[in-house]
Amino acid sequence: MSDRARTAHTVADVVVERIAEYSDHIFGVGGANIEDVYDAVQRSRVSMTGIVAKHEFGAATMADGYARATNRLGVVAATSGGGALNLLAALGESFDSRVPVLALVGQPPTGVEGKGAFQDTSGAAGRLDAEAIFRSVSRYCAKVVRAEDIHAELDRAIEAALSGGPAVLLLPKDIQAATVSGTVNELRAAVVDGRDSLAEVAELLAAPGPAVIIAGPEIARADARTELAALAASLDASVLVTPDAKDALSNRHPRFAGVVGIMGHPRAPELVAQAALVVLAGAALPMTARAGLDDALAGCPRVVHLGTDEPFVPVHARVRGRLNDQLLELAVKTSRPGFGVAQADPLGELKTPAATGPGVRYREAVLAIAERLEPGTDVVADAGNTGAAVVHHLPVPEGGRFLIALGMGGMGYSFGAGIGSALGRDRRTVVIAGDGSYFMHGHELHTAIEYQAPVTFIVFNNNAHAMCVTREQLYYSGDYTFNRFRPAEIGAGVAAMFPELPAWTATTLGDFEVALDKALAVRGPAFIELRCDPDEIPPFAPFLKEPAL
């Protein structure tokens, strides 16, 4: 572990310089009790870009998207009071999806806490307790009350965040401005905790019989895609992916077998049922990912889990630790050619009822997008019917990343995450969301314009919370609805608000294809509204009686 001396400067300076070792962007919303951090960004000698979003949720999802797309630390900054509390929903998503995000949260000066300070969340004098609140959505939360503690607290917070999940540092205004000197310690590698030795697991893997790997989001977090492909080759295994790990293996790879779970491909359970060995590679398999797989996994003679997250299904062996090393070592120790599961037939698609309402159909629209995405393009999908259609029908472009928030499933995630991804990877990102998500957090579009982020925003507008409409029809009487809305001209509204933004509205597939060709040729941000049918049922297994096409 090496030390680097720092000359005396402010706590905010130390924070920015230390963060620069792990990230080159700070996303946030300004305010009196966080402005010292932005001031430090402005005068910093390190490469750091400060981004100001429109809402703290948007800023935190930008940090989340940045982290997922770049495999670096995402950083969000917010002021005290309502600004701090606005972070909670996004940090909840990062917590559940194990995304490395560091939240820098301003607090009132320590000398006025408990004395009627504006936005006091010290827990004193009957006020809210920020430490207690943020502790529930973080792997580590600490309030820095002495300037000299900043080095150690940064060590702990960054280590906790990089281990998988958000960390929160509460920074009082006077502490940020205080001068400090000392050393900054580089982060030490996490200790590997192997429950079952790799040698024993290698013996399990070497036994004969068809093999299937189910790859989960830990593959992307560890950037272990190459190692995953190596293990699949050694095991002669087919590879299924969870909905939030579509980019774990090239969707055009001969071993790629499709997506599992509620938005996945209908014959995935059959493929798993044929297997004598199932390897859960960074896949904990929560309910959205394991729908339809419980019986098949229960009947499999060998189920092995690799990764840090506790699996939600019984396994015969488990190794916890650094996923890259596990996959590579097992690939070297294991060779069992000739046992792959035959894939002569495609896994098929979920069969959805024919839609008869207005607008373009989900499948047609998603395939039109897929045909036009260049290699290396990143895709961010939002929640709801739109997300289900994208997961089911859209192959991830070669070399691209795929992001979707399935931890908490919060609507509106994609707008901030897409901006964070585009700025972090400096490449075209396509955001695909519904109108409900747009009305929640879509005006982060303004942030994309402000920073000329290369994001193409595509909003499927059915003037409804359409997944909720479907639930009203399927699970209740269908005689009423709370979830259909009066028509909104989103494309026209966006064009009027931002005259310099290329924006289109498409009502037919032909119109949409023309708009896509134009939008994807724009260097900066662009926007497309696509009109859809609120009564179209998406490829979402709980809504469908017919399992396969």
# chains A, B, ... in the order shown; residues from 1 in each chain; ligands from 1
>>> select_by_dssp(residues="stretch 245-386 of chain A", states="strand (DSSP E)", output="list of chain:residue names")
A:Phe256, A:Ala257, A:Gly258, A:Val259, A:Leu277, A:Val278, A:Val279, A:Leu280, A:Ala281, A:Val303, A:Val304, A:His305, A:Leu306, A:Ala317, A:Arg318, A:Val319, A:Asp378, A:Val379, A:Val380, A:Ala381
>>> residues_around(residues="A:Ala161", least_positions_apart="4", cutoff="7 Å", atoms="only C-alpha atoms", output="count of residues only")
8
>>> closest_atom_pairs(of="stretch 130-233 of chain A", to="stretch 316-337 of chain A", cutoff="12 Å", atoms="only C-alpha atoms", output="tab-separated table")
residue	atom	partner	partner_atom	distance
A:Leu162	CA	A:Arg322	CA	11.8
A:Ser163	CA	A:Arg322	CA	9.9
A:Gly164	CA	A:Arg322	CA	11.6
A:Ala189	CA	A:Arg322	CA	9.6
A:Ala190	CA	A:Arg322	CA	8.1
A:Val191	CA	A:Gly321	CA	7.4
A:Val192	CA	A:Gly321	CA	4.4
A:Asp193	CA	A:Arg320	CA	5.4
A:Gly194	CA	A:Val319	CA	4.8
A:Arg195	CA	A:Val319	CA	5.2
A:Asp196	CA	A:Val319	CA	5.4
A:Ser197	CA	A:Val319	CA	7.0
A:Leu198	CA	A:Leu330	CA	7.0
A:Ala199	CA	A:Lys333	CA	7.9
A:Glu200	CA	A:Ala317	CA	8.8
A:Val201	CA	A:Ala317	CA	6.8
A:Ala202	CA	A:Leu330	CA	6.0
A:Glu203	CA	A:Thr334	CA	7.8
A:Leu204	CA	A:Ala317	CA	8.6
A:Leu205	CA	A:Thr334	CA	6.8
A:Ala206	CA	A:Thr334	CA	5.7
A:Ala207	CA	A:Arg336	CA	7.9
A:Pro208	CA	A:Arg336	CA	7.2
A:Gly209	CA	A:Arg336	CA	9.0
A:Pro210	CA	A:Arg336	CA	9.7
A:Ala211	CA	A:Arg336	CA	9.6
A:Ile213	CA	A:Leu327	CA	11.3
A:Ala215	CA	A:Leu323	CA	11.3
A:Gly216	CA	A:Leu323	CA	11.3
A:Pro217	CA	A:Leu323	CA	11.3
A:Glu218	CA	A:Leu323	CA	7.8
A:Ile219	CA	A:Leu323	CA	7.4
A:Ala220	CA	A:Leu323	CA	10.3
A:Arg221	CA	A:Leu323	CA	9.6
A:Ala222	CA	A:Leu323	CA	6.7
A:Asp223	CA	A:Asn324	CA	7.7
A:Ala224	CA	A:Asn324	CA	5.2
A:Arg225	CA	A:Asn324	CA	8.6
A:Thr226	CA	A:Asn324	CA	8.7
A:Glu227	CA	A:Leu328	CA	5.4
A:Leu228	CA	A:Leu327	CA	6.2
A:Ala229	CA	A:Leu327	CA	9.1
A:Ala230	CA	A:Ala331	CA	6.0
A:Leu231	CA	A:Ala331	CA	4.4
A:Ala232	CA	A:Ala331	CA	7.9
A:Ala233	CA	A:Ala331	CA	7.9
>>> atom_distance(atom1="atom CA of A:Glu148", atom2="atom CA of A:Val99")
28.3 Å
>>> select_by_dssp(residues="stretch 334-403 of chain A", states="alpha helix (DSSP H)", output="list in words")
Tyr362, Arg363, Glu364, Ala365, Val366, Leu367, Ala368, Ile369, Ala370, Glu371, Arg372, Asn385, Thr386, Gly387, Ala388, Ala389, Val390, Val391, His392 and His393 of chain A
>>> residues_around(residues="stretch 531-539 of chain A", least_positions_apart="3", cutoff="8 Å", atoms="only C-alpha atoms", output="MDAnalysis selection string")
chainID A and resid 263 350:362 385:386 388:389 392 460:466 469:470 484 505:508 543:544
>>> closest_atom_pairs(of="stretch 405-438 of chain A", to="stretch 287-295 of chain A", cutoff="12 Å", atoms="only C-alpha atoms", output="tab-separated table")
residue	atom	partner	partner_atom	distance
A:Ala405	CA	A:Thr288	CA	11.5
A:Leu406	CA	A:Thr288	CA	7.9
A:Gly407	CA	A:Thr288	CA	9.5
A:Met408	CA	A:Thr288	CA	11.2
A:Gly409	CA	A:Thr288	CA	10.5
>>> residues_around(residues="A:Tyr66", least_positions_apart="2", cutoff="7 Å", atoms="only C-alpha atoms", output="number ranges by chain")
A: 62-64, 68-70, 74, 417, 420-421, 424
>>> residues_around(residues="A:Ala281", least_positions_apart="2", cutoff="6 Å", atoms="only C-alpha atoms", output="list in words")
Ala215, Val279, Ala283 and Leu306 of chain A
>>> write_last_selection(atoms="N, CA, C and O atoms", output="compact mmCIF listing (two decimals), in the first residue's frame")
# COMPACT_ATOMS: atom_id res chain seq x y z
N ALA A 215 -25.48 -15.98 -16.67
CA ALA A 215 -24.64 -14.84 -16.33
C ALA A 215 -25.50 -13.71 -15.80
O ALA A 215 -26.55 -13.39 -16.37
N VAL A 279 -24.06 -23.20 -13.93
CA VAL A 279 -23.16 -22.28 -13.24
C VAL A 279 -23.83 -20.91 -13.20
O VAL A 279 -24.14 -20.33 -14.25
N ALA A 283 -24.81 -14.26 -10.84
CA ALA A 283 -26.27 -14.21 -10.95
C ALA A 283 -26.89 -14.71 -9.65
O ALA A 283 -26.88 -15.92 -9.38
N LEU A 306 -20.96 -18.54 -8.45
CA LEU A 306 -19.73 -17.78 -8.36
C LEU A 306 -20.08 -16.30 -8.21
O LEU A 306 -20.92 -15.79 -8.95
>>> atom_distance(atom1="atom CA of A:Gly307", atom2="atom CA of A:Asp244")
15.7 Å
>>> atom_distance(atom1="atom CA of A:Lys54", atom2="atom CA of A:Gly83")
10.9 Å
>>> residues_around(residues="A:Thr377", least_positions_apart="4", cutoff="12 Å", atoms="only C-alpha atoms", output="VMD selection string")
chain A and resid 69 247 369 to 370 372 to 373 395 to 403 418 421 to 422 425 to 431 454 to 456 520
>>> closest_residue(among="A:Thr481, A:Ser437, A:Ser23, A:Thr308", to="A:Arg72", atoms="only C-alpha atoms")
A:Ser23
>>> residues_around(residues="A:Val105", least_positions_apart="4", cutoff="10 Å", atoms="only C-alpha atoms", output="number ranges by chain")
A: 28, 33-34, 76-81, 83-85, 87, 130, 134, 143, 168-173
